[in-house]
>>> print(open('input_5.cif').read())   # mmCIF, C-alpha atoms (C1' of nucleotides)
data_model
loop_
_atom_site.label_atom_id
_atom_site.label_comp_id
_atom_site.auth_asym_id
_atom_site.auth_seq_id
_atom_site.Cartn_x
_atom_site.Cartn_y
_atom_site.Cartn_z
CA MET A 270 0.00 0.00 0.00
CA LEU A 271 1.51 3.33 -1.00
CA PRO A 272 1.67 5.51 2.14
CA LYS A 273 -1.32 7.83 2.27
CA LEU A 274 0.70 10.98 2.47
CA PHE A 275 1.68 10.63 -1.17
CA HIS A 276 -1.94 11.02 -2.20
CA ASP A 277 -1.52 14.72 -1.47
CA LEU A 278 0.61 14.86 -4.58
CA PRO A 279 -0.90 15.70 -7.98
CA ALA A 280 -1.84 12.58 -9.90
CA ASN A 281 0.89 13.03 -12.48
CA ALA A 282 3.56 12.87 -9.76
CA LEU A 283 3.02 9.12 -9.40
CA LYS A 284 3.98 6.79 -12.18
CA ASN A 285 3.64 3.02 -12.19
CA ILE A 286 6.57 1.27 -13.79
CA ASN A 287 7.22 -2.43 -14.23
CA PHE A 288 10.56 -4.14 -14.49
CA GLN A 289 11.60 -7.61 -15.52
CA LYS A 290 14.11 -9.61 -13.60
CA SER A 291 17.64 -8.14 -13.92
CA GLU A 292 16.41 -4.92 -15.47
CA THR A 293 18.10 -1.72 -14.37
CA ILE A 294 15.99 0.88 -12.57
CA PHE A 295 18.69 3.50 -12.27
CA ARG A 296 22.46 3.68 -12.14
CA GLN A 297 24.88 5.50 -9.92
CA TYR A 298 25.43 9.08 -11.15
CA ASP A 299 22.16 9.08 -13.10
CA GLU A 300 20.26 12.28 -12.49
CA THR A 301 17.64 11.70 -9.79
CA CYS A 302 14.01 11.76 -10.83
CA GLY A 303 12.42 10.64 -7.58
CA LEU A 304 12.04 7.99 -4.97
CA TYR A 305 10.37 4.63 -5.44
CA PHE A 306 7.81 2.49 -3.74
CA VAL A 307 7.74 -1.28 -4.27
CA ILE A 308 4.29 -2.68 -4.99
CA SER A 309 5.58 -6.17 -5.69
CA GLY A 310 8.86 -7.85 -6.39
CA LYS A 311 12.32 -7.04 -5.11
CA VAL A 312 14.98 -4.49 -5.82
CA SER A 313 18.68 -4.63 -5.09
CA LEU A 314 20.67 -1.48 -4.45
CA LYS A 315 24.39 -1.81 -5.05
CA ARG A 316 27.41 0.40 -5.15
CA HIS A 317 30.78 -0.27 -6.73
CA SER A 318 33.75 0.16 -4.47
CA PRO A 319 36.89 1.79 -5.84
CA ASN A 320 38.42 -1.72 -5.80
CA GLY A 321 35.76 -2.97 -8.14
CA ASP A 322 33.76 -5.21 -5.81
CA GLU A 323 30.05 -4.81 -5.62
CA ILE A 324 28.65 -3.69 -2.29
CA ILE A 325 25.05 -4.40 -1.48
CA ILE A 326 23.53 -1.35 0.13
CA HIS A 327 20.04 -2.67 0.60
CA ASN A 328 17.42 -5.00 -0.77
CA ALA A 329 14.01 -3.42 -0.93
CA GLY A 330 10.94 -5.64 -0.90
CA LYS A 331 7.17 -5.27 -1.11
CA ASN A 332 5.72 -2.17 0.55
CA GLU A 333 9.06 -0.50 1.02
CA THR A 334 10.25 2.82 -0.35
CA PHE A 335 13.79 3.28 -1.50
CA ALA A 336 16.06 6.06 -2.75
CA GLU A 337 14.51 8.60 -0.40
CA ALA A 338 17.81 10.45 -0.36
CA ALA A 339 17.32 11.08 -4.08
CA LEU A 340 14.96 13.88 -3.08
CA PHE A 341 17.88 15.88 -1.79
CA SER A 342 20.57 14.85 -4.18
CA LYS A 343 21.30 15.59 -7.82
CA GLU A 344 22.50 12.10 -8.65
CA TYR A 345 21.73 8.61 -7.46
CA HIS A 346 24.55 7.24 -5.36
CA CYS A 347 24.01 3.57 -6.17
CA ASP A 348 22.67 1.19 -8.81
CA ALA A 349 19.17 -0.23 -8.54
CA THR A 350 18.15 -3.39 -10.35
CA ALA A 351 15.06 -5.57 -10.16
CA ILE A 352 15.96 -9.02 -8.89
CA GLU A 353 12.58 -10.39 -9.86
CA THR A 354 9.63 -9.11 -11.84
CA THR A 355 8.80 -5.92 -10.01
CA GLN A 356 6.09 -3.27 -9.96
CA LEU A 357 7.17 0.14 -8.73
CA VAL A 358 5.68 3.54 -8.21
CA LEU A 359 8.03 6.35 -9.13
CA ILE A 360 7.32 9.37 -6.96
CA ASN A 361 8.44 12.47 -8.76
CA LYS A 362 11.11 14.42 -6.96
CA ALA A 363 10.13 17.91 -8.16
CA ALA A 364 6.52 17.31 -7.18
CA VAL A 365 7.53 16.20 -3.71
CA LEU A 366 9.81 19.16 -3.18
CA ALA A 367 7.16 21.56 -4.46
CA GLN A 368 4.60 20.04 -2.16
CA MET A 369 6.99 20.31 0.76
CA ALA A 370 7.55 23.95 0.01
CA SER A 371 3.89 24.85 -0.29
CA ASN A 372 2.27 22.48 2.15
CA PRO A 373 3.81 22.21 5.61
CA ILE A 374 1.45 19.40 6.54
CA PHE A 375 2.85 17.33 3.74
CA ALA A 376 6.39 18.15 4.83
CA MET A 377 5.56 17.02 8.33
CA ASN A 378 3.94 13.83 7.13
CA LEU A 379 6.98 13.02 5.06
CA SER A 380 9.31 13.68 7.96
CA ALA A 381 7.10 11.62 10.22
CA GLN A 382 7.26 8.76 7.73
CA PHE A 383 11.04 8.99 7.68
CA ALA A 384 11.20 9.17 11.49
CA ARG A 385 9.13 5.99 11.68
CA GLN A 386 11.49 4.26 9.30
CA ILE A 387 14.42 5.27 11.46
CA GLN A 388 12.73 3.79 14.51
CA ILE A 389 12.11 0.54 12.69
CA TYR A 390 15.65 0.20 11.42
CA ARG A 391 17.13 0.96 14.81
CA ARG A 392 14.99 -1.69 16.36
CA ARG A 393 16.03 -4.15 13.67
CA LEU A 394 19.66 -3.43 14.38
CA GLU A 395 19.07 -4.11 18.06
CA ILE A 396 17.43 -7.39 17.15
CA GLN A 397 20.39 -8.36 14.99
CA ALA A 398 22.64 -7.63 17.95
CA ILE A 399 20.97 -10.33 20.02
CA GLN A 400 23.35 -13.27 20.12
CA SER A 401 21.07 -16.17 21.00
CA ALA A 402 19.05 -17.43 18.07
CA ASP A 403 16.11 -18.23 20.34
CA GLU A 404 15.95 -14.74 21.81
CA ARG A 405 16.48 -13.18 18.43
CA VAL A 406 13.57 -15.05 16.93
CA TYR A 407 11.45 -14.23 19.95
CA ALA A 408 12.25 -10.54 19.68
CA ALA A 409 11.49 -10.54 15.98
CA ILE A 410 8.12 -12.14 16.49
CA GLY A 411 7.35 -9.75 19.32
CA ASP A 412 8.10 -7.03 16.81
CA GLY A 413 5.47 -8.33 14.45
CA MET A 414 7.89 -9.61 11.84
CA LEU A 415 5.83 -12.74 11.24
CA GLN A 416 2.68 -11.16 9.87
CA GLY A 417 1.69 -13.05 6.78
CA ASN A 418 5.40 -13.50 6.16
CA ILE A 419 6.70 -16.93 5.57
CA ILE A 420 9.34 -18.20 7.94
CA LYS A 421 12.11 -18.40 5.40
CA GLU A 422 11.69 -14.67 4.89
CA LEU A 423 11.70 -14.03 8.60
CA ALA A 424 14.93 -16.03 8.82
CA ALA A 425 16.53 -13.94 6.10
CA HIS A 426 15.41 -10.72 7.80
CA ILE A 427 17.01 -11.59 11.10
CA GLY A 428 20.18 -13.14 9.76
CA LEU A 429 19.63 -16.79 10.61
CA SER A 430 19.42 -19.87 8.44
CA HIS A 431 15.85 -21.04 8.08
CA GLU A 432 16.77 -24.28 9.85
CA ALA A 433 18.09 -22.42 12.88
CA THR A 434 14.92 -20.35 12.86
CA TYR A 435 12.72 -23.44 12.86
CA ARG A 436 14.70 -24.92 15.70
CA SER A 437 14.38 -21.74 17.72
CA LEU A 438 10.67 -21.66 17.10
CA ALA A 439 10.42 -25.22 18.38
CA ASN A 440 12.51 -24.31 21.43
CA LEU A 441 10.35 -21.31 22.19
CA VAL A 442 7.24 -23.46 22.02
CA LYS A 443 8.87 -25.95 24.40
CA ARG A 444 9.83 -23.09 26.70
CA ASN A 445 6.22 -21.97 26.60
CA LYS A 446 6.98 -18.55 25.15
CA LEU A 447 5.22 -19.21 21.87
CA THR A 448 2.14 -21.12 20.78
CA LYS A 449 2.03 -22.94 17.50
CA PHE A 450 -1.48 -22.94 16.08
CA ALA A 451 -0.79 -24.20 12.59
CA ARG A 452 1.98 -25.29 10.33
CA GLY A 453 4.31 -22.30 10.26
CA LYS A 454 1.96 -20.16 12.36
CA TYR A 455 3.14 -19.02 15.76
CA ILE A 456 1.88 -16.49 18.25
CA ILE A 457 3.45 -15.01 21.37
CA LYS A 458 2.76 -16.46 24.83
CA MET B 295 28.54 18.28 16.59
CA LEU B 296 24.90 19.28 16.55
CA PRO B 297 23.72 19.14 12.91
CA LYS B 298 23.83 22.61 11.38
CA LEU B 299 20.21 22.65 10.40
CA PHE B 300 19.19 23.07 14.02
CA HIS B 301 20.95 26.41 14.17
CA ASP B 302 17.98 27.78 12.22
CA LEU B 303 15.98 27.39 15.38
CA PRO B 304 15.62 30.22 17.90
CA ALA B 305 18.24 29.98 20.62
CA ASN B 306 15.73 29.09 23.31
CA ALA B 307 14.72 25.96 21.39
CA LEU B 308 17.98 24.26 22.34
CA LYS B 309 18.64 23.34 25.91
CA ASN B 310 21.73 21.59 27.25
CA ILE B 311 20.96 19.01 29.89
CA ASN B 312 23.29 16.72 31.77
CA PHE B 313 22.47 13.35 33.25
CA GLN B 314 24.28 11.11 35.65
CA LYS B 315 24.65 7.42 35.08
CA SER B 316 21.28 5.62 35.48
CA GLU B 317 19.28 8.83 35.49
CA THR B 318 15.99 8.83 33.60
CA ILE B 319 15.66 11.15 30.63
CA PHE B 320 12.03 10.37 29.89
CA ARG B 321 9.59 7.55 30.37
CA GLN B 322 7.12 5.83 28.11
CA TYR B 323 3.82 7.77 28.04
CA ASP B 324 5.48 10.99 29.21
CA GLU B 325 4.33 13.92 27.13
CA THR B 326 6.89 14.60 24.41
CA CYS B 327 8.91 17.79 24.67
CA GLY B 328 11.33 17.20 21.84
CA LEU B 329 14.08 15.14 20.35
CA TYR B 330 17.59 14.83 21.73
CA PHE B 331 21.13 15.01 20.51
CA VAL B 332 23.94 13.26 22.35
CA ILE B 333 27.02 15.43 22.90
CA SER B 334 28.76 12.85 25.05
CA GLY B 335 27.88 9.71 26.92
CA LYS B 336 25.38 7.02 26.08
CA VAL B 337 21.64 6.60 26.28
CA SER B 338 19.60 3.43 26.35
CA LEU B 339 16.07 3.33 24.96
CA LYS B 340 13.90 0.53 26.28
CA ARG B 341 10.31 -0.57 26.10
CA HIS B 342 8.45 -2.93 28.35
CA SER B 343 6.71 -5.79 26.63
CA PRO B 344 3.24 -6.85 27.79
CA ASN B 345 4.98 -9.91 29.31
CA GLY B 346 7.12 -7.72 31.47
CA ASP B 347 10.52 -8.19 29.84
CA GLU B 348 12.55 -5.19 28.89
CA ILE B 349 13.19 -4.72 25.20
CA ILE B 350 16.13 -2.66 24.10
CA ILE B 351 15.05 -0.44 21.24
CA HIS B 352 18.30 1.34 20.68
CA ASN B 353 21.45 2.58 22.29
CA ALA B 354 22.33 6.11 21.24
CA GLY B 355 25.93 7.26 21.49
CA LYS B 356 27.94 10.40 20.85
CA ASN B 357 26.77 12.56 17.92
CA GLU B 358 23.52 10.71 17.49
CA THR B 359 20.01 12.08 17.73
CA PHE B 360 17.24 10.03 19.26
CA ALA B 361 13.49 10.23 19.77
CA GLU B 362 12.95 11.89 16.42
CA ALA B 363 9.50 10.36 16.30
CA ALA B 364 8.62 12.43 19.36
CA LEU B 365 8.13 15.34 16.99
CA PHE B 366 5.03 13.69 15.62
CA SER B 367 3.70 11.97 18.68
CA LYS B 368 2.01 13.17 21.86
CA GLU B 369 3.79 10.70 24.12
CA TYR B 370 7.15 9.00 24.17
CA HIS B 371 6.84 5.35 23.26
CA CYS B 372 9.82 4.10 25.28
CA ASP B 373 11.98 4.84 28.30
CA ALA B 374 15.29 6.64 27.95
CA THR B 375 18.00 6.43 30.58
CA ALA B 376 21.60 7.57 30.64
CA ILE B 377 23.91 4.58 30.93
CA GLU B 378 26.88 6.80 31.67
CA THR B 379 27.35 10.46 32.48
CA THR B 380 25.77 12.11 29.49
CA GLN B 381 25.42 15.55 27.98
CA LEU B 382 22.38 16.09 25.80
CA VAL B 383 20.80 18.84 23.79
CA LEU B 384 17.03 18.88 24.04
CA ILE B 385 15.58 20.21 20.81
CA ASN B 386 12.19 21.66 21.50
CA LYS B 387 9.38 20.00 19.61
CA ALA B 388 7.10 23.03 19.24
CA ALA B 389 9.96 25.12 17.92
CA VAL B 390 10.84 22.47 15.34
CA LEU B 391 7.26 22.10 14.18
CA ALA B 392 6.83 25.87 13.98
CA GLN B 393 10.00 26.18 11.97
CA MET B 394 8.86 23.41 9.64
CA ALA B 395 5.57 25.20 9.10
CA SER B 396 7.11 28.58 8.36
CA ASN B 397 10.38 27.65 6.72
CA PRO B 398 10.28 25.07 3.93
CA ILE B 399 14.07 25.06 3.71
CA PHE B 400 14.26 23.91 7.29
CA ALA B 401 11.65 21.23 6.64
CA MET B 402 13.68 19.96 3.72
CA ASN B 403 16.89 19.97 5.69
CA LEU B 404 15.25 17.99 8.43
CA SER B 405 13.83 15.48 5.97
CA ALA B 406 17.20 15.24 4.28
CA GLN B 407 18.83 14.55 7.61
CA PHE B 408 16.32 11.77 8.26
CA ALA B 409 16.78 10.35 4.79
CA ARG B 410 20.54 10.19 5.38
CA GLN B 411 19.95 8.35 8.62
CA ILE B 412 17.77 5.84 6.81
CA GLN B 413 20.51 5.22 4.26
CA ILE B 414 23.05 4.65 7.00
CA TYR B 415 20.89 2.23 8.93
CA ARG B 416 20.02 0.24 5.84
CA ARG B 417 23.65 -0.10 5.01
CA ARG B 418 24.41 -1.18 8.55
CA LEU B 419 21.75 -3.84 8.32
CA GLU B 420 23.27 -5.13 5.11
CA ILE B 421 26.65 -5.27 6.80
CA GLN B 422 25.20 -7.22 9.71
CA ALA B 423 23.72 -9.64 7.22
CA ILE B 424 27.18 -10.62 5.97
CA GLN B 425 27.98 -14.03 7.42
CA SER B 426 31.73 -14.17 7.21
CA ALA B 427 33.50 -12.19 9.92
CA ASP B 428 36.29 -11.27 7.52
CA GLU B 429 33.95 -9.86 4.90
CA ARG B 430 31.88 -8.13 7.52
CA VAL B 431 34.88 -6.35 8.95
CA TYR B 432 36.05 -5.45 5.47
CA ALA B 433 32.68 -3.99 4.58
CA ALA B 434 32.55 -2.01 7.79
CA ILE B 435 35.96 -0.50 7.21
CA GLY B 436 35.04 0.28 3.62
CA ASP B 437 32.09 2.12 5.08
CA GLY B 438 34.35 4.30 7.17
CA MET B 439 33.38 2.80 10.48
CA LEU B 440 36.97 2.90 11.72
CA GLN B 441 37.52 6.64 11.82
CA GLY B 442 39.12 7.51 15.12
CA ASN B 443 37.05 4.74 16.62
CA ILE B 444 38.81 2.11 18.56
CA ILE B 445 38.48 -1.43 17.38
CA LYS B 446 36.48 -2.65 20.32
CA GLU B 447 33.79 -0.16 19.37
CA LEU B 448 33.87 -1.25 15.77
CA ALA B 449 33.44 -4.82 16.96
CA ALA B 450 30.40 -3.89 19.02
CA HIS B 451 28.89 -1.98 16.09
CA ILE B 452 29.12 -4.90 13.72
CA GLY B 453 28.11 -7.63 16.14
CA LEU B 454 31.39 -9.45 16.56
CA SER B 455 33.54 -10.10 19.59
CA HIS B 456 36.60 -7.90 19.59
CA GLU B 457 38.81 -10.99 19.35
CA ALA B 458 37.06 -12.15 16.20
CA THR B 459 37.43 -8.65 14.82
CA TYR B 460 41.18 -8.61 15.48
CA ARG B 461 41.54 -11.97 13.85
CA SER B 462 39.62 -10.83 10.79
CA LEU B 463 41.78 -7.73 10.56
CA ALA B 464 44.87 -9.94 10.62
CA ASN B 465 43.35 -12.20 7.95
CA LEU B 466 42.52 -9.26 5.74
CA VAL B 467 46.07 -7.99 6.00
CA LYS B 468 47.34 -11.46 5.06
CA ARG B 469 44.93 -11.54 2.16
CA ASN B 470 46.29 -8.17 1.10
CA LYS B 471 42.98 -6.36 1.34
CA LEU B 472 44.05 -4.13 4.22
CA THR B 473 47.25 -2.42 5.22
CA LYS B 474 48.22 -2.05 8.84
CA PHE B 475 50.17 1.12 9.43
CA ALA B 476 50.16 1.22 13.18
CA ARG B 477 48.91 -0.66 16.18
CA GLY B 478 45.15 -0.75 15.69
CA LYS B 479 45.30 1.40 12.54
CA TYR B 480 44.23 -0.14 9.28
CA ILE B 481 43.45 1.23 5.85
CA ILE B 482 41.86 -0.34 2.79
CA LYS B 483 43.89 -1.87 -0.02
"C1'" DC C 99 58.88 2.27 36.73
"C1'" DG C 100 54.21 0.47 37.36
"C1'" DG C 101 49.46 0.35 36.39
"C1'" DC C 102 45.55 0.33 33.02
"C1'" DG C 103 43.35 -0.33 28.76
"C1'" DT C 104 43.82 -1.76 24.03
"C1'" DT C 105 45.69 -4.97 20.89
"C1'" DT C 106 46.99 -9.56 19.71
"C1'" DT C 107 47.26 -14.54 19.76
"C1'" DG C 108 45.98 -19.43 21.73
"C1'" DA C 109 42.89 -23.22 22.86
"C1'" DG C 110 38.54 -25.31 23.86
"C1'" DA C 111 33.56 -25.39 23.78
"C1'" DG C 112 29.26 -24.37 21.90
"C1'" DA C 113 26.15 -22.45 18.60
"C1'" DG C 114 24.60 -22.10 14.17
"C1'" DC C 115 25.54 -23.39 9.23
"C1'" DT C 116 25.42 -26.86 5.70
"C1'" DC C 117 23.95 -30.95 3.72
"C1'" DA C 118 20.47 -34.24 3.76
"C1'" DA C 119 16.17 -36.53 4.38
"C1'" DC C 120 11.39 -36.36 5.07
"C1'" DA C 121 6.63 -34.30 5.95
"C1'" DT C 122 3.02 -31.37 4.54
"C1'" DC C 123 0.39 -28.35 1.74
"C1'" DG C 124 -1.48 -26.28 -2.55
"C1'" DG C 125 -1.80 -26.45 -7.16
"C1'" DT C 126 -1.96 -28.70 -11.83
"C1'" DG C 127 -3.03 -31.93 -15.17
"C1'" DG C 128 -4.44 -36.37 -16.60
"C1'" DC D 70 -10.52 -37.71 -8.01
"C1'" DC D 71 -5.93 -38.85 -7.66
"C1'" DA D 72 -0.89 -38.68 -8.78
"C1'" DC D 73 2.59 -35.73 -9.15
"C1'" DC D 74 5.35 -31.62 -8.36
"C1'" DG D 75 7.38 -27.65 -6.22
"C1'" DA D 76 7.71 -24.90 -2.30
"C1'" DT D 77 7.55 -24.48 2.57
"C1'" DG D 78 8.05 -26.54 6.93
"C1'" DT D 79 10.63 -29.73 10.10
"C1'" DT D 80 14.17 -32.51 12.10
"C1'" DG D 81 18.89 -34.97 12.20
"C1'" DA D 82 24.06 -35.11 12.14
"C1'" DG D 83 28.50 -33.42 11.42
"C1'" DC D 84 31.52 -29.55 10.70
"C1'" DT D 85 33.00 -24.93 10.87
"C1'" DC D 86 33.32 -20.66 12.73
"C1'" DT D 87 32.80 -17.55 16.31
"C1'" DC D 88 32.47 -16.88 21.32
"C1'" DT D 89 34.52 -17.33 25.68
"C1'" DC D 90 38.18 -17.67 28.75
"C1'" DA D 91 43.11 -16.89 29.19
"C1'" DA D 92 47.40 -14.93 28.68
"C1'" DA D 93 50.78 -11.99 26.86
"C1'" DA D 94 52.65 -7.89 24.26
"C1'" DC D 95 52.29 -3.16 23.62
"C1'" DG D 96 51.46 1.80 24.42
"C1'" DC D 97 50.17 5.62 27.28
"C1'" DC D 98 50.25 8.34 31.40
"C1'" DG D 99 51.08 9.48 36.05
#
>>> encode(input="input_5.cif", output="structure tokens")
Amino acid sequence: MLPKLFHDLPANALKNINFQKSETIFRQYDETCGLYFVISGKVSLKRHSPNGDEIIIHNAGKNETFAEAALFSKEYHCDATAIETTQLVLINKAAVLAQMASNPIFAMNLSAQFARQIQIYRRRLEIQAIQSADERVYAAIGDGMLQGNIIKELAAHIGLSHEATYRSLANLVKRNKLTKFARGKYIIK
Amino acid sequence: MLPKLFHDLPANALKNINFQKSETIFRQYDETCGLYFVISGKVSLKRHSPNGDEIIIHNAGKNETFAEAALFSKEYHCDATAIETTQLVLINKAAVLAQMASNPIFAMNLSAQFARQIQIYRRRLEIQAIQSADERVYAAIGDGMLQGNIIKELAAHIGLSHEATYRSLANLVKRNKLTKFARGKYIIK
DNA sequence: CGGCGTTTTGAGAGAGCTCAACATCGGTGG
DNA sequence: CCACCGATGTTGAGCTCTCTCAAAACGCCG
């Protein structure tokens, strides 16, 4: 779902674009045209180090925005490619900036959206910092990371193999911290 | 260094406050008065789960802001306590919102600041996702995480024991990806 | 010189990864 | 309707890598 705040933008500021697997969305040093929202599919953001190796900056999935910093920068600072068939919304940079200038409510909503993102990422980092697989899985579930998500994806999100994740889930059920109510469905307490 | 953009605020919007170790900065459900910037020391942000356990949301260190979301919320959503002697700047919420409403440049600068944060956190998450200690350390150094920082801090940032970090540094030197030019000083290539 | 903290290296134990096998579910086609 | 297939879920066993505990070298500062 595209965040509501973007509906304050004129209709022509939003453009749906589809990409096939491996297609390029933008390249480093391309002039920025806006930020993106992922309707479906997956996008990989990479940068090339001076040494030539590729550095993964981020993988953006369904319902995420990416390239927010493009709003305030002349050029993209990384490459973006679709790693599967992907539907995106391109949110026009000039329209966003104009709206921010003329509509303080919009500016606040955008900042609030960013602030929320920051919160979420900080929390994720804290979760990653948890050593024990069991506690990490527990924290992630407490954070609502298993909503409609499949467990393999949860595992990837929290940096565990899916096997380790399954084992932790089983442990947590044994330890009476989780309840299993269906194949692959768990709930806290 | 307090980010420059905040100097657009009236002088009375910034208040220096000092806390002793273990002192409370704010509590969950307290009415928000603003966001904070850490001049020195360390702050721990925690929430209490319905089950009673404490959940660490984030640990904010020197030169970080925290509680940005307070700008857009009536109440704080977690507890903040100083975990060492700490100097903070309290950035008044009403002043920030007023400035955003009347000064689009300020609003954009604030959003840009948030967007930068988001970029940084995403990158950190990608680094944490790297399995191999060697590659993780290499990525972190490539990201400039070893600027004046001591290695133990780097280790904590990237979720490795300091011993493992030292060993990876040694490996990377052997593999000719890093150069050691002094005790605890490394540079890429 | 003598502490104190960081850096470095060693050895053992434990946790999670990998490889592998199997179960279960939903969908697809005969 | 049933057999098959692919993807997810689940569990087992061995191996590898990192953590932990320990100790020593080094550098800084009083």
>>> closest_residue(input="input_5.cif", among="D:DA93, D:DC88, D:DC98, D:DA72", to="chain A", atoms="all atoms listed in the file")
D:DC88
>>> residues_around(input="input_5.cif", residues="range 411-414 of chain B", least_positions_apart="3", cutoff="7 Å", atoms="all atoms listed in the file", output="list in words")
Gln386 and Ile387 of chain A; Gln407, Phe408, Arg417 and Arg418 of chain B
>>> write_last_selection(input="input_5.cif", atoms="C-alpha atoms", output="compact mmCIF listing (two decimals), keeping the file's coordinate frame")
# COMPACT_ATOMS: atom_id res chain seq x y z
CA GLN A 386 11.49 4.26 9.30
CA ILE A 387 14.42 5.27 11.46
CA GLN B 407 18.83 14.55 7.61
CA PHE B 408 16.32 11.77 8.26
CA ARG B 417 23.65 -0.10 5.01
CA ARG B 418 24.41 -1.18 8.55
>>> interface_residues(input="input_5.cif", of="chain D", to="chain A", cutoff="12 Å", atoms="only C-alpha atoms (C1' of nucleotides)", output="VMD selection string")
chain D and resid 76 to 81 87 to 88
>>> residues_around(input="input_5.cif", residues="Leu366 in chain A", least_positions_apart="2", cutoff="12 Å", atoms="all atoms listed in the file", output="ChimeraX atom specification")
/A:275,278,282,302-304,337,339-342,360-364,368-373,375-376,379 /B:398-399,401-403,405-406
>>> write_last_selection(input="input_5.cif", atoms="C-alpha atoms", output="PDB file, keeping the file's coordinate frame")
ATOM      1  CA  PHE A 275       1.680  10.630  -1.170  1.00  0.00           C
ATOM      2  CA  LEU A 278       0.610  14.860  -4.580  1.00  0.00           C
ATOM      3  CA  ALA A 282       3.560  12.870  -9.760  1.00  0.00           C
ATOM      4  CA  CYS A 302      14.010  11.760 -10.830  1.00  0.00           C
ATOM      5  CA  GLY A 303      12.420  10.640  -7.580  1.00  0.00           C
ATOM      6  CA  LEU A 304      12.040   7.990  -4.970  1.00  0.00           C
ATOM      7  CA  GLU A 337      14.510   8.600  -0.400  1.00  0.00           C
ATOM      8  CA  ALA A 339      17.320  11.080  -4.080  1.00  0.00           C
ATOM      9  CA  LEU A 340      14.960  13.880  -3.080  1.00  0.00           C
ATOM     10  CA  PHE A 341      17.880  15.880  -1.790  1.00  0.00           C
ATOM     11  CA  SER A 342      20.570  14.850  -4.180  1.00  0.00           C
ATOM     12  CA  ILE A 360       7.320   9.370  -6.960  1.00  0.00           C
ATOM     13  CA  ASN A 361       8.440  12.470  -8.760  1.00  0.00           C
ATOM     14  CA  LYS A 362      11.110  14.420  -6.960  1.00  0.00           C
ATOM     15  CA  ALA A 363      10.130  17.910  -8.160  1.00  0.00           C
ATOM     16  CA  ALA A 364       6.520  17.310  -7.180  1.00  0.00           C
ATOM     17  CA  GLN A 368       4.600  20.040  -2.160  1.00  0.00           C
ATOM     18  CA  MET A 369       6.990  20.310   0.760  1.00  0.00           C
ATOM     19  CA  ALA A 370       7.550  23.950   0.010  1.00  0.00           C
ATOM     20  CA  SER A 371       3.890  24.850  -0.290  1.00  0.00           C
ATOM     21  CA  ASN A 372       2.270  22.480   2.150  1.00  0.00           C
ATOM     22  CA  PRO A 373       3.810  22.210   5.610  1.00  0.00           C
ATOM     23  CA  PHE A 375       2.850  17.330   3.740  1.00  0.00           C
ATOM     24  CA  ALA A 376       6.390  18.150   4.830  1.00  0.00           C
ATOM     25  CA  LEU A 379       6.980  13.020   5.060  1.00  0.00           C
TER      26      LEU A 379
ATOM     27  CA  PRO B 398      10.280  25.070   3.930  1.00  0.00           C
ATOM     28  CA  ILE B 399      14.070  25.060   3.710  1.00  0.00           C
ATOM     29  CA  ALA B 401      11.650  21.230   6.640  1.00  0.00           C
ATOM     30  CA  MET B 402      13.680  19.960   3.720  1.00  0.00           C
ATOM     31  CA  ASN B 403      16.890  19.970   5.690  1.00  0.00           C
ATOM     32  CA  SER B 405      13.830  15.480   5.970  1.00  0.00           C
ATOM     33  CA  ALA B 406      17.200  15.240   4.280  1.00  0.00           C
TER      34      ALA B 406
END
>>> resolve_selection(input="input_5.cif", expression="the PyMOL selection byres ((chain B and resi 335) around 9)", output="NGL selection string")
:B and (332-334 or 336-337 or 354-356 or 376-382)
>>> write_last_selection(input="input_5.cif", atoms="C-alpha atoms", output="short mmCIF file (atom, residue, chain, number, x, y, z; two decimals), in the frame of the given file")
data_model
loop_
_atom_site.label_atom_id
_atom_site.label_comp_id
_atom_site.auth_asym_id
_atom_site.auth_seq_id
_atom_site.Cartn_x
_atom_site.Cartn_y
_atom_site.Cartn_z
CA VAL B 332 23.94 13.26 22.35
CA ILE B 333 27.02 15.43 22.90
CA SER B 334 28.76 12.85 25.05
CA LYS B 336 25.38 7.02 26.08
CA VAL B 337 21.64 6.60 26.28
CA ALA B 354 22.33 6.11 21.24
CA GLY B 355 25.93 7.26 21.49
CA LYS B 356 27.94 10.40 20.85
CA ALA B 376 21.60 7.57 30.64
CA ILE B 377 23.91 4.58 30.93
CA GLU B 378 26.88 6.80 31.67
CA THR B 379 27.35 10.46 32.48
CA THR B 380 25.77 12.11 29.49
CA GLN B 381 25.42 15.55 27.98
CA LEU B 382 22.38 16.09 25.80
#
>>> interface_residues(input="input_5.cif", of="chain C", to="chain A", cutoff="10 Å", atoms="all atoms listed in the file", output="mmCIF file with C-alpha atoms (C1' of nucleotides), in the coordinates of the input")
data_model
loop_
_atom_site.group_PDB
_atom_site.id
_atom_site.type_symbol
_atom_site.label_atom_id
_atom_site.label_comp_id
_atom_site.auth_asym_id
_atom_site.auth_seq_id
_atom_site.Cartn_x
_atom_site.Cartn_y
_atom_site.Cartn_z
ATOM 1 C "C1'" DA C 113 26.150 -22.450 18.600
ATOM 2 C "C1'" DG C 114 24.600 -22.100 14.170
ATOM 3 C "C1'" DC C 115 25.540 -23.390 9.230
ATOM 4 C "C1'" DT C 116 25.420 -26.860 5.700
ATOM 5 C "C1'" DT C 122 3.020 -31.370 4.540
ATOM 6 C "C1'" DC C 123 0.390 -28.350 1.740
#
>>> atom_distance(input="input_5.cif", atom1="CA of Arg405 in chain A", atom2="CA of Tyr415 in chain B")
18.6 Å
>>> closest_residue(input="input_5.cif", among="A:Gln289, A:Asn332, A:Thr301, A:Ser313", to="chain B", atoms="all atoms listed in the file")
A:Ser313
>>> atom_distance(input="input_5.cif", atom1="C1' of DA82 in chain D", atom2="CA of Lys446 in chain A")
27.1 Å
